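Below is the file protein15.cif, which contains mmCIF, C-alpha atoms and all ligand atoms.
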```
data_coords
loop_
_atom_site.label_atom_id
_atom_site.label_comp_id
_atom_site.auth_asym_id
_atom_site.auth_seq_id
_atom_site.Cartn_x
_atom_site.Cartn_y
_atom_site.Cartn_z
CA MET A 1 0.00 0.00 0.00
CA THR A 2 1.74 3.22 -1.09
CA ALA A 3 -0.63 6.20 -1.40
CA ARG A 4 -2.27 7.29 1.85
CA ALA A 5 -5.87 6.13 2.31
CA ILE A 6 -8.31 9.05 2.57
CA ILE A 7 -11.64 7.93 3.99
CA ILE A 8 -14.58 10.24 3.46
CA GLY A 9 -17.26 9.78 6.11
CA GLY A 10 -16.92 8.60 9.70
CA GLY A 11 -19.92 6.28 10.01
CA LEU A 12 -19.54 2.55 10.55
CA ALA A 13 -18.12 1.81 7.10
CA GLY A 14 -15.54 4.59 7.23
CA GLY A 15 -14.74 3.95 10.88
CA ALA A 16 -14.25 0.22 10.28
CA ALA A 17 -11.96 0.85 7.30
CA ALA A 18 -9.94 3.36 9.33
CA ALA A 19 -9.62 1.04 12.33
CA ARG A 20 -8.58 -1.93 10.20
CA LEU A 21 -6.08 0.02 8.08
CA ALA A 22 -4.55 1.48 11.23
CA ALA A 23 -4.36 -1.99 12.80
CA LEU A 24 -2.51 -3.14 9.66
CA GLY A 25 0.08 -0.43 10.23
CA ALA A 26 -1.14 2.29 7.84
CA ARG A 27 -2.02 5.84 8.93
CA PRO A 28 -5.28 6.54 7.11
CA LEU A 29 -6.88 9.98 7.14
CA LEU A 30 -10.61 10.04 7.89
CA LEU A 31 -12.71 13.14 7.22
CA GLU A 32 -16.07 13.45 8.98
CA ARG A 33 -18.21 16.51 8.41
CA GLU A 34 -19.87 16.49 11.84
CA ALA A 35 -17.72 18.06 14.55
CA ALA A 36 -19.00 15.81 17.35
CA ALA A 37 -20.98 12.66 18.11
CA HIS A 38 -24.42 12.90 16.50
CA ASP A 39 -27.69 11.04 16.05
CA LYS A 40 -28.59 9.35 12.78
CA VAL A 41 -31.77 8.07 11.19
CA CYS A 42 -31.32 4.38 12.01
CA GLY A 43 -33.30 1.71 13.87
CA GLU A 44 -30.15 1.07 15.93
CA PHE A 45 -30.62 -2.69 15.86
CA LEU A 46 -27.04 -3.95 15.94
CA SER A 47 -27.04 -7.52 14.65
CA ILE A 48 -24.75 -10.27 15.84
CA GLU A 49 -22.75 -10.06 12.58
CA ALA A 50 -22.08 -6.37 13.19
CA THR A 51 -21.15 -7.08 16.79
CA ARG A 52 -18.75 -9.85 15.80
CA HIS A 53 -17.10 -7.64 13.19
CA LEU A 54 -16.73 -4.70 15.57
CA THR A 55 -15.43 -6.97 18.32
CA ALA A 56 -12.85 -8.40 15.92
CA LEU A 57 -11.76 -4.81 15.21
CA GLY A 58 -11.16 -4.43 18.95
CA LEU A 59 -14.29 -2.47 19.93
CA ASP A 60 -15.93 -3.60 23.16
CA ILE A 61 -19.67 -3.43 22.41
CA ALA A 62 -20.72 -4.46 25.93
CA ARG A 63 -19.02 -1.30 27.25
CA LEU A 64 -21.52 0.83 25.30
CA GLY A 65 -24.37 -0.22 27.58
CA GLY A 66 -26.86 -1.18 24.87
CA ALA A 67 -30.06 -3.18 25.34
CA PRO A 68 -30.04 -6.92 24.49
CA ILE A 69 -32.66 -8.00 21.91
CA GLY A 70 -33.49 -11.67 21.34
CA GLU A 71 -37.02 -11.64 19.96
CA VAL A 72 -38.89 -10.06 17.07
CA VAL A 73 -42.63 -9.36 16.90
CA LEU A 74 -44.27 -8.41 13.62
CA HIS A 75 -47.57 -6.51 13.53
CA ALA A 76 -49.86 -5.86 10.56
CA GLY A 77 -53.19 -4.43 11.66
CA ARG A 78 -54.50 -6.71 14.42
CA ARG A 79 -52.36 -9.66 13.34
CA SER A 80 -49.03 -10.39 15.04
CA ALA A 81 -46.27 -12.97 14.67
CA ARG A 82 -43.49 -13.56 17.14
CA ALA A 83 -40.21 -15.44 16.85
CA ALA A 84 -36.96 -15.82 18.68
CA LEU A 85 -34.06 -14.32 16.76
CA PRO A 86 -31.32 -16.80 15.89
CA PHE A 87 -28.92 -14.51 17.82
CA VAL A 88 -28.93 -11.82 20.49
CA ALA A 89 -28.73 -8.34 18.98
CA THR A 90 -28.06 -5.03 20.73
CA GLY A 91 -30.03 -1.79 20.72
CA VAL A 92 -27.43 0.97 20.88
CA THR A 93 -27.54 4.53 19.59
CA ARG A 94 -25.47 5.52 16.60
CA ARG A 95 -24.44 8.61 18.53
CA ARG A 96 -22.62 6.36 20.98
CA LEU A 97 -21.55 3.55 18.65
CA ASP A 98 -20.10 5.60 15.78
CA ALA A 99 -18.23 7.91 18.14
CA ALA A 100 -16.75 4.92 19.96
CA LEU A 101 -15.57 3.40 16.67
CA LEU A 102 -13.93 6.67 15.56
CA ASP A 103 -12.18 7.02 18.93
CA HIS A 104 -11.02 3.43 18.61
CA ALA A 105 -9.67 4.01 15.08
CA GLU A 106 -7.81 7.04 16.38
CA SER A 107 -6.34 5.04 19.26
CA LEU A 108 -5.02 2.54 16.70
CA GLY A 109 -3.26 5.30 14.76
CA ALA A 110 -5.78 6.66 12.24
CA GLU A 111 -5.91 10.43 11.81
CA VAL A 112 -9.51 11.49 12.32
CA ARG A 113 -10.49 15.04 11.35
CA ARG A 114 -13.96 15.94 12.56
CA GLY A 115 -15.90 18.92 11.28
CA VAL A 116 -14.40 18.63 7.79
CA GLY A 117 -16.96 18.23 5.00
CA VAL A 118 -15.89 16.94 1.62
CA ARG A 119 -17.43 18.86 -1.28
CA HIS A 120 -16.34 16.61 -4.13
CA LEU A 121 -13.51 14.45 -5.40
CA GLY A 122 -10.94 15.65 -7.89
CA GLU A 123 -7.79 14.06 -9.29
CA GLY A 124 -7.32 11.62 -6.43
CA ARG A 125 -7.93 14.30 -3.80
CA ALA A 126 -10.80 15.25 -1.56
CA VAL A 127 -11.89 18.85 -1.99
CA THR A 128 -13.03 19.85 1.49
CA THR A 129 -14.49 22.78 3.35
CA GLN A 130 -10.95 23.37 4.61
CA GLY A 131 -8.99 23.01 1.37
CA ASP A 132 -7.78 20.06 -0.70
CA THR A 133 -6.15 16.96 0.74
CA ASP A 134 -2.97 15.52 -0.77
CA ALA A 135 -3.57 12.90 -3.44
CA GLY A 136 -4.29 9.47 -2.01
CA THR A 137 -6.46 6.38 -2.29
CA LEU A 138 -10.05 7.56 -1.90
CA LEU A 139 -12.57 5.53 0.09
CA LEU A 140 -16.08 6.95 -0.18
CA ALA A 141 -18.16 6.23 2.94
CA THR A 142 -20.62 9.13 3.08
CA GLY A 143 -23.57 6.80 3.75
CA LYS A 144 -26.92 8.16 2.71
CA HIS A 145 -25.41 11.37 1.34
CA ASP A 146 -24.08 11.47 -2.20
CA LEU A 147 -21.13 13.69 -3.04
CA ARG A 148 -21.50 16.00 -6.02
CA GLY A 149 -20.60 14.03 -9.15
CA GLU A 150 -20.75 10.69 -7.27
CA GLY A 151 -24.52 10.05 -7.23
CA ARG A 152 -25.75 6.46 -7.00
CA ASP A 153 -27.68 5.14 -10.00
CA PRO A 154 -31.29 4.69 -8.80
CA ALA A 155 -32.18 2.16 -11.55
CA GLY A 156 -33.84 -0.92 -10.03
CA THR A 157 -34.02 0.52 -6.51
CA ILE A 158 -37.16 1.22 -4.47
CA GLN A 159 -37.80 4.93 -4.84
CA GLY A 160 -39.73 7.59 -2.99
CA LEU A 161 -39.29 6.42 0.61
CA ILE A 162 -38.44 8.75 3.44
CA GLY A 163 -37.24 7.80 6.90
CA PHE A 164 -37.98 9.25 10.35
CA LYS A 165 -36.60 8.57 13.79
CA MET A 166 -37.75 9.68 17.24
CA PHE A 167 -36.64 8.69 20.75
CA PHE A 168 -39.25 8.10 23.45
CA ARG A 169 -39.33 7.32 27.14
CA SER A 170 -42.10 5.27 28.74
CA PRO A 171 -41.52 2.91 31.69
CA SER A 172 -44.55 0.75 30.84
CA LEU A 173 -43.64 0.46 27.16
CA ALA A 174 -40.01 -0.22 28.09
CA ARG A 175 -41.22 -3.22 30.12
CA ARG A 176 -43.16 -4.56 27.12
CA LEU A 177 -40.20 -4.05 24.79
CA ALA A 178 -37.53 -5.50 27.08
CA GLY A 179 -35.46 -7.89 24.96
CA ARG A 180 -37.59 -7.32 21.89
CA VAL A 181 -37.85 -5.42 18.62
CA GLU A 182 -41.33 -4.85 17.21
CA VAL A 183 -41.86 -4.20 13.51
CA THR A 184 -45.22 -2.80 12.40
CA GLY A 185 -46.17 -2.86 8.74
CA PHE A 186 -48.73 -0.24 7.70
CA ALA A 187 -50.03 1.23 4.45
CA HIS A 188 -47.00 2.44 2.45
CA GLY A 189 -44.42 1.87 5.16
CA TYR A 190 -43.19 0.13 8.28
CA ALA A 191 -41.79 1.06 11.68
CA GLY A 192 -39.37 -0.55 14.10
CA LEU A 193 -39.65 0.06 17.83
CA GLN A 194 -36.99 -1.15 20.26
CA PRO A 195 -35.04 -0.22 23.37
CA VAL A 196 -31.59 1.38 23.27
CA GLU A 197 -29.28 2.38 26.12
CA GLU A 198 -30.42 4.54 29.06
CA ASP A 199 -34.03 3.28 28.97
CA ARG A 200 -34.80 5.09 25.75
CA LEU A 201 -36.97 3.65 22.98
CA ASN A 202 -36.18 4.19 19.33
CA LEU A 203 -39.02 4.50 16.82
CA CYS A 204 -37.63 4.44 13.31
CA LEU A 205 -39.83 4.20 10.23
CA VAL A 206 -39.94 4.50 6.49
CA ILE A 207 -42.96 5.69 4.55
CA ASP A 208 -43.77 6.46 0.95
CA ARG A 209 -43.27 10.20 0.44
CA ASP A 210 -46.53 10.68 -1.51
CA HIS A 211 -48.51 8.91 1.21
CA TYR A 212 -46.82 11.07 3.85
CA ARG A 213 -47.97 14.14 1.92
CA ARG A 214 -51.50 12.74 1.67
CA LEU A 215 -51.52 12.32 5.46
CA GLY A 216 -50.77 16.04 5.81
CA GLY A 217 -47.02 16.14 5.28
CA THR A 218 -46.14 16.92 8.91
CA TRP A 219 -44.81 14.84 11.80
CA PRO A 220 -47.96 15.42 13.95
CA SER A 221 -50.22 14.23 11.13
CA LEU A 222 -48.01 11.19 10.51
CA PHE A 223 -47.77 10.39 14.20
CA THR A 224 -51.56 10.54 14.55
CA ALA A 225 -51.84 8.02 11.70
CA LEU A 226 -49.23 5.77 13.36
CA LEU A 227 -51.15 5.77 16.64
CA ALA A 228 -54.08 4.20 14.79
CA GLU A 229 -51.93 1.09 14.23
CA PRO A 230 -52.55 -1.46 17.02
CA GLY A 231 -48.79 -2.18 17.24
CA LEU A 232 -47.96 1.51 17.80
CA ALA A 233 -50.96 2.84 19.74
CA VAL A 234 -48.98 2.57 22.99
CA LEU A 235 -46.75 5.42 21.87
CA GLY A 236 -49.62 7.81 22.59
CA ASN A 237 -48.62 7.87 26.26
CA ALA A 238 -44.85 7.96 25.73
CA GLU A 239 -42.70 11.06 26.17
CA ALA A 240 -40.99 12.22 22.94
CA LEU A 241 -37.34 13.03 23.67
CA LEU A 242 -36.47 15.10 20.58
CA ASP A 243 -38.08 18.46 19.67
CA LYS A 244 -38.74 17.08 16.22
CA PRO A 245 -37.95 13.77 14.54
CA MET A 246 -34.85 13.26 12.46
CA ALA A 247 -35.64 12.65 8.81
CA ILE A 248 -33.94 11.40 5.68
CA ALA A 249 -35.22 11.47 2.11
CA ALA A 250 -34.55 9.35 -0.97
CA ILE A 251 -33.28 6.05 0.47
CA PRO A 252 -32.34 3.88 -2.57
CA TYR A 253 -33.21 0.45 -1.13
CA GLY A 254 -31.79 -2.33 -3.26
CA TYR A 255 -28.82 -0.31 -4.51
CA LEU A 256 -25.68 -2.31 -5.32
CA ALA A 257 -22.67 -0.43 -6.67
CA ALA A 258 -21.34 -1.82 -9.94
CA PRO A 259 -17.60 -2.53 -10.07
CA ARG A 260 -15.85 0.47 -11.65
CA ASP A 261 -12.24 1.26 -12.27
CA ASP A 262 -12.35 4.96 -11.39
CA GLY A 263 -9.98 4.51 -8.44
CA VAL A 264 -12.66 5.11 -5.78
CA TRP A 265 -13.51 2.47 -3.15
CA ARG A 266 -17.21 2.67 -2.27
CA LEU A 267 -18.20 1.47 1.19
CA GLY A 268 -21.32 1.13 3.33
CA ASP A 269 -24.49 2.66 1.90
CA GLN A 270 -22.40 3.97 -0.98
CA ALA A 271 -21.90 0.32 -2.00
CA ALA A 272 -25.08 -1.50 -0.94
CA VAL A 273 -28.39 -0.43 0.63
CA ILE A 274 -30.43 -3.22 2.23
CA PRO A 275 -34.02 -2.53 3.33
CA SER A 276 -33.98 -1.41 6.93
CA PHE A 277 -36.34 -4.03 8.36
CA CYS A 278 -33.49 -6.60 8.02
CA GLY A 279 -31.42 -4.74 10.57
CA ASP A 280 -28.17 -5.74 8.88
CA GLY A 281 -27.16 -2.52 7.11
CA MET A 282 -24.67 -1.75 9.86
CA ALA A 283 -23.13 -5.23 9.59
CA MET A 284 -22.77 -4.77 5.84
CA ALA A 285 -21.18 -1.37 6.36
CA VAL A 286 -18.63 -2.74 8.84
CA HIS A 287 -18.02 -5.82 6.71
CA GLY A 288 -17.36 -3.68 3.62
CA GLY A 289 -15.09 -1.32 5.54
CA ARG A 290 -12.97 -4.13 6.84
CA LEU A 291 -12.92 -5.97 3.50
CA ALA A 292 -11.84 -2.80 1.68
CA ALA A 293 -9.01 -2.27 4.16
CA ASP A 294 -7.79 -5.86 3.79
CA MET A 295 -8.00 -5.81 -0.02
CA LEU A 296 -6.38 -2.38 -0.26
CA ALA A 297 -3.52 -3.56 1.94
CA ALA A 298 -3.16 -6.63 -0.28
CA GLY A 299 -2.87 -4.47 -3.41
CA ALA A 300 -6.29 -5.21 -4.93
CA THR A 301 -8.21 -2.79 -7.15
CA PRO A 302 -11.46 -1.05 -6.17
CA ALA A 303 -13.28 -3.02 -8.89
CA ALA A 304 -12.08 -6.33 -7.41
CA PHE A 305 -13.27 -5.17 -3.98
CA GLN A 306 -16.66 -4.10 -5.29
CA THR A 307 -17.06 -7.49 -7.02
CA GLN A 308 -16.22 -9.35 -3.80
CA LEU A 309 -18.59 -7.21 -1.74
CA ARG A 310 -21.43 -7.92 -4.19
CA ARG A 311 -20.70 -11.64 -3.75
CA ASP A 312 -20.85 -11.25 0.04
CA VAL A 313 -24.03 -9.17 0.33
CA GLY A 314 -25.74 -9.01 -3.09
CA ARG A 315 -28.09 -11.97 -2.62
CA GLN A 316 -29.27 -10.63 0.74
CA VAL A 317 -29.90 -7.15 -0.63
CA ARG A 318 -31.90 -8.55 -3.59
CA LEU A 319 -34.00 -10.89 -1.38
CA ALA A 320 -34.75 -8.17 1.18
CA THR A 321 -35.70 -5.75 -1.59
CA ARG A 322 -38.17 -8.28 -3.05
CA LEU A 323 -39.67 -8.79 0.42
CA GLN A 324 -40.00 -5.06 0.92
CA ARG A 325 -41.83 -4.74 -2.40
CA LEU A 326 -44.16 -7.58 -1.31
CA ALA A 327 -44.83 -5.96 2.06
CA GLY A 328 -45.65 -2.72 0.23
CA THR A 329 -49.04 -4.16 -0.79
CA SER A 330 -51.63 -4.74 1.94
CA LEU A 331 -52.29 -8.28 0.68
CA GLY A 332 -48.57 -9.09 0.71
CA ARG A 333 -48.18 -7.57 4.16
CA PHE A 334 -51.01 -9.61 5.69
CA ALA A 335 -49.87 -12.77 3.86
CA LEU A 336 -46.36 -12.31 5.24
CA VAL A 337 -47.47 -11.81 8.83
CA ALA A 338 -50.06 -14.61 8.63
CA GLY A 339 -47.53 -17.00 7.05
CA LEU A 340 -44.78 -16.13 9.49
CA GLY A 341 -47.24 -16.32 12.40
CA ALA A 342 -48.20 -19.85 11.33
CA VAL A 343 -44.58 -20.95 10.83
CA PRO A 344 -42.32 -18.97 13.18
CA ALA A 345 -39.31 -20.97 11.97
CA ALA A 346 -39.72 -19.25 8.60
CA LEU A 347 -39.11 -15.89 10.27
CA THR A 348 -35.92 -17.24 11.80
CA LEU A 349 -34.87 -18.52 8.37
CA LEU A 350 -35.65 -15.18 6.73
CA ALA A 351 -33.57 -13.44 9.38
CA ARG A 352 -30.69 -15.77 8.45
CA TRP A 353 -31.04 -15.30 4.69
CA THR A 354 -30.90 -11.53 4.84
CA ARG A 355 -27.63 -11.32 6.77
CA VAL A 356 -23.97 -11.12 5.78
CA GLU A 357 -22.86 -14.58 4.56
CA PRO A 358 -21.32 -16.73 7.33
CA ALA A 359 -18.61 -17.68 4.81
CA ALA A 360 -17.79 -14.01 4.30
CA LEU A 361 -17.53 -13.50 8.06
CA ALA A 362 -15.30 -16.55 8.33
CA ARG A 363 -13.06 -15.23 5.54
CA ALA A 364 -12.65 -12.03 7.53
CA ALA A 365 -11.70 -14.19 10.56
CA VAL A 366 -14.66 -12.77 12.46
C1 LIG B 1 -34.69 4.27 8.34
C2 LIG B 1 -33.46 3.42 8.47
C3 LIG B 1 -33.36 2.50 9.52
C4 LIG B 1 -32.25 1.67 9.62
N1 LIG B 1 -32.15 0.80 10.65
C5 LIG B 1 -31.10 -0.04 10.75
C6 LIG B 1 -30.98 -0.95 11.83
O1 LIG B 1 -31.82 -0.97 12.74
N2 LIG B 1 -29.90 -1.80 11.85
C7 LIG B 1 -28.95 -1.78 10.89
O2 LIG B 1 -28.01 -2.59 10.94
N3 LIG B 1 -29.01 -0.89 9.86
C8 LIG B 1 -30.05 -0.01 9.79
N4 LIG B 1 -30.11 0.91 8.79
C9 LIG B 1 -29.00 0.96 7.83
C10 LIG B 1 -27.79 1.67 8.42
O3 LIG B 1 -28.18 2.87 9.05
C11 LIG B 1 -26.80 1.98 7.30
O4 LIG B 1 -26.67 0.86 6.46
C12 LIG B 1 -25.44 2.35 7.87
O5 LIG B 1 -25.56 3.49 8.68
C13 LIG B 1 -24.47 2.63 6.75
O6 LIG B 1 -23.26 3.07 7.32
P1 LIG B 1 -22.33 4.07 6.52
O7 LIG B 1 -21.08 4.17 7.28
O8 LIG B 1 -22.31 3.68 5.10
O9 LIG B 1 -23.11 5.47 6.53
P2 LIG B 1 -23.49 6.45 7.71
O10 LIG B 1 -23.66 5.74 8.97
O11 LIG B 1 -24.63 7.26 7.19
O12 LIG B 1 -22.21 7.38 7.86
C14 LIG B 1 -21.82 8.27 6.87
C15 LIG B 1 -20.98 9.35 7.54
O13 LIG B 1 -20.45 10.20 6.54
C16 LIG B 1 -20.54 11.54 6.95
N5 LIG B 1 -20.60 12.36 5.75
C17 LIG B 1 -21.62 12.45 4.87
N6 LIG B 1 -21.29 13.29 3.88
C18 LIG B 1 -20.04 13.74 4.15
C19 LIG B 1 -19.17 14.64 3.49
N7 LIG B 1 -19.54 15.24 2.36
N8 LIG B 1 -17.95 14.88 4.03
C20 LIG B 1 -17.57 14.25 5.18
N9 LIG B 1 -18.38 13.41 5.85
C21 LIG B 1 -19.59 13.14 5.34
C22 LIG B 1 -21.82 11.60 7.78
O14 LIG B 1 -21.83 12.68 8.67
C23 LIG B 1 -21.81 10.24 8.46
O15 LIG B 1 -21.19 10.28 9.73
C24 LIG B 1 -31.20 1.77 8.66
C25 LIG B 1 -31.29 2.71 7.63
C26 LIG B 1 -32.40 3.54 7.54
C27 LIG B 1 -32.48 4.54 6.43
#
```

Starting from the file, lay out its structure as structure tokens.
Ligand SMILES: Cc1cc2nc3c(=O)[nH]c(=O)nc-3n(C[C@H](O)[C@H](O)[C@H](O)COP(=O)(O)OP(=O)(O)OC[C@H]3O[C@@H](n4cnc5c(N)ncnc54)[C@H](O)[C@@H]3O)c2cc1C
Amino acid sequence: MTARAIIIGGGLAGGAAAARLAALGARPLLLEREAAAHDKVCGEFLSIEATRHLTALGLDIARLGGAPIGEVVLHAGRRSARAALPFVATGVTRRRLDAALLDHAESLGAEVRRGVGVRHLGEGRAVTTQGDTDAGTLLLATGKHDLRGEGRDPAGTIQGLIGFKMFFRSPSLARRLAGRVEVTGFAHGYAGLQPVEEDRLNLCLVIDRDHYRRLGGTWPSLFTALLAEPGLAVLGNAEALLDKPMAIAAIPYGYLAAPRDDGVWRLGDQAAVIPSFCGDGMAMAVHGGRLAADMLAAGATPAAFQTQLRRDVGRQVRLATRLQRLAGTSLGRFALVAGLGAVPAALTLLARWTRVEPAALARAAV
């Protein structure tokens, strides 16, 4: 590895790449536009694959104080299905997790510059809010945000969805949700509700933008509609912990970056976007970050990396995207919940099929 690695974005993909490169003896530069730890639109369901990857990178997840989650309950109208997860996951905020990973990467020797936004890429450099970097190997890990000139091709992806996240506190609801994530499917969207650290509850949802507008196009009008769902009615008595929800537009579910030889390594959501209900986007981000670091250190090309990453996560992204399309119709939604309610083992199987390949984890010695 000769040129210095310049990682753009300090989420889980960028943080994992930085930590791994530093552990391999390099001194990568990571640029993160936010100056301090921050919240993100995310369900904050950290799967076992993500935990294993982060642990292998040297991050102690237990120290973060998250909430253990071993069961999933699906709701569609008055129907529900429940199943044990084939693993114990953790509910932990991105504010805490991502900051811990960046600190860890720094402790291993990565140079982390916070509060530096990258405007665009040019001639092997990052053009930032604070001037240009030296030329280096560029790793693009800006997550949901596309850099100018680096937009993701939306062909074949699910379009028009927006995401919201709100934290709540409610002792009675916390008791019901202890050890559990609940996913409610509703017309034109779905919501995940689960505990995270410090007795907070995370409600994270995606909804079709046009339907959101039809509901009134405001958080209060959306929230009123959500309270009409039997699985979410309990939120009516919970205390909202943010002044307003966090929101994200244009999530290209189903996106898989094609291998390109333009010298840029694309990681995390810049490489693959799996529908959120799977709760494995973070694992894929960490997996890709680590894989990129290993392949970069071994002298591989970005195209070879992108091809390998598609092998590792492509099937899962395609399956989850088909399921999300199915759940988008009310008939499909009720059929899914009825079918999974009748055969809980199928839910466990689905949870397995939409996760990072065990073989890929084994290859990464995780
Ligand atoms: C609604 C929703 C719910 C989800 N729920 C879950 C879940 O429960 N479990 C799960 O595993 N996955 C979930 N995901 C997926 C998960 O959030 C992503 O897959 C994961 O965050 C991708 O990590 P990343 O590092 O690619 O991007 P991010 O985590 O988004 O990090 C990107 C970083 O880049 C920085 N950045 C952006 N632009 C610039 C710039 N120009 N210059 C410098 N820095 C920049 C940002 O500030 C950010 O810190 C969910 C996604 C959505 C949309």

Mind running stretch 193-257 of chain A against stretch 64-88 of chain A at 7 Å and telling me each contacting residue's nearest atom pair with the distance in Å (one decimal), counting only C-alpha atoms, chain and number ascending, as JSON lines?
```
{"residue": "A:Pro195", "atom": "CA", "partner": "A:Ala67", "partner_atom": "CA", "distance": 6.1}
{"residue": "A:Val196", "atom": "CA", "partner": "A:Ala67", "partner_atom": "CA", "distance": 5.2}
{"residue": "A:Glu197", "atom": "CA", "partner": "A:Gly66", "partner_atom": "CA", "distance": 4.5}
{"residue": "A:Glu229", "atom": "CA", "partner": "A:Gly77", "partner_atom": "CA", "distance": 6.2}
{"residue": "A:Pro230", "atom": "CA", "partner": "A:Gly77", "partner_atom": "CA", "distance": 6.2}
{"residue": "A:Gly231", "atom": "CA", "partner": "A:His75", "partner_atom": "CA", "distance": 5.8}
```

Nearby residues (all atoms listed in the file) at most 12 Å from stretch 238-244 of chain A, same-chain spacing under 5 positions excluded, as a PyMOL selection string
chain A and resi 39+164-174+199-203+218-220+223+227+232-233

Within 7 Å of ligand LIG 1 (chain B), which residues of chain A come that close, and what is the closest atom pair and distance in Å for each? Count all atoms listed in the file and give it as CSV.
```
residue,atom,partner,partner_atom,distance
A:Ile8,CA,B:LIG1,C20,5.3
A:Gly9,CA,B:LIG1,O13,3.2
A:Gly10,CA,B:LIG1,O15,4.6
A:Gly11,CA,B:LIG1,O12,3.3
A:Leu12,CA,B:LIG1,O7,4.0
A:Ala13,CA,B:LIG1,O7,3.8
A:Gly14,CA,B:LIG1,O7,5.6
A:Leu31,CA,B:LIG1,C20,5.4
A:Glu32,CA,B:LIG1,N9,3.9
A:Arg33,CA,B:LIG1,C20,4.0
A:Glu34,CA,B:LIG1,O14,5.3
A:Val41,CA,B:LIG1,C1,5.6
A:Cys42,CA,B:LIG1,C3,3.7
A:Gly43,CA,B:LIG1,O1,3.3
A:Glu44,CA,B:LIG1,O1,4.1
A:Phe45,CA,B:LIG1,O1,3.8
A:Leu46,CA,B:LIG1,O2,5.3
A:Ser47,CA,B:LIG1,O2,6.2
A:Val116,CA,B:LIG1,C20,6.0
A:Gly117,CA,B:LIG1,N8,3.6
A:Val118,CA,B:LIG1,N8,3.8
A:Arg119,CA,B:LIG1,N7,5.6
A:Ala141,CA,B:LIG1,O8,5.3
A:Thr142,CA,B:LIG1,O13,3.6
A:Gly143,CA,B:LIG1,O9,3.1
A:Lys144,CA,B:LIG1,O11,5.1
A:His145,CA,B:LIG1,N6,5.2
A:Asp146,CA,B:LIG1,N6,6.9
A:Leu147,CA,B:LIG1,N7,5.8
A:Gly163,CA,B:LIG1,C1,4.6
A:Phe164,CA,B:LIG1,C1,6.3
A:Cys204,CA,B:LIG1,C1,5.8
A:Leu205,CA,B:LIG1,C1,5.5
A:Val206,CA,B:LIG1,C1,5.6
A:Ile251,CA,B:LIG1,C27,6.2
A:Leu267,CA,B:LIG1,O8,6.1
A:Gly268,CA,B:LIG1,O8,3.3
A:Asp269,CA,B:LIG1,O8,4.0
A:Gln270,CA,B:LIG1,O8,6.1
A:Val273,CA,B:LIG1,O4,6.2
A:Ile274,CA,B:LIG1,O4,7.0
A:Ser276,CA,B:LIG1,C4,4.4
A:Phe277,CA,B:LIG1,N1,6.8
A:Gly279,CA,B:LIG1,N2,3.5
A:Asp280,CA,B:LIG1,O2,3.8
A:Gly281,CA,B:LIG1,O4,3.5
A:Met282,CA,B:LIG1,O2,3.6
A:Ala283,CA,B:LIG1,O2,5.7
A:Met284,CA,B:LIG1,O4,6.9
A:Ala285,CA,B:LIG1,O6,5.0
```

Which one is closest to A:Asp132: A:Ile6, A:Arg318, A:Arg152, A:Ala298? Count only C-alpha atoms.
A:Ile6

Selection near A:Gly254, 10 Å with all atoms listed in the file, sequence-local residues under 6 positions removed, as a PyMOL selection string:
chain A and resi 154-159+272-275+314+316-322+324

Applying 9 Å and all atoms listed in the file, which residues near A:Leu97 remain after dropping the ones on its own chain fewer than 3 positions away? List them as a PyMOL selection string.
chain A and resi 12+61+64+92-94+100-102

Please determine, counting all atoms listed in the file, which residue among A:Leu29, A:Ala362, A:Ala178, A:Ala225 has the shortest atom-to-atom distance to A:Leu139.
A:Leu29

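Coordinates place atom CA of A:Ala3 at a distance of 29.9 Å from atom CA of A:Val356.
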
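Among the candidates A:Leu177, A:Ala135, A:Ala16, A:Ala187, the residue lying nearest to A:Ala327 is A:Ala187 (atoms considered: all atoms listed in the file).
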
Could you give me, as a PyMOL selection string, the residues within 7 Å of A:Ala257, counting only C-alpha atoms and dropping anything in the same chain fewer than 2 positions from it?
chain A and resi 255+259+271-272
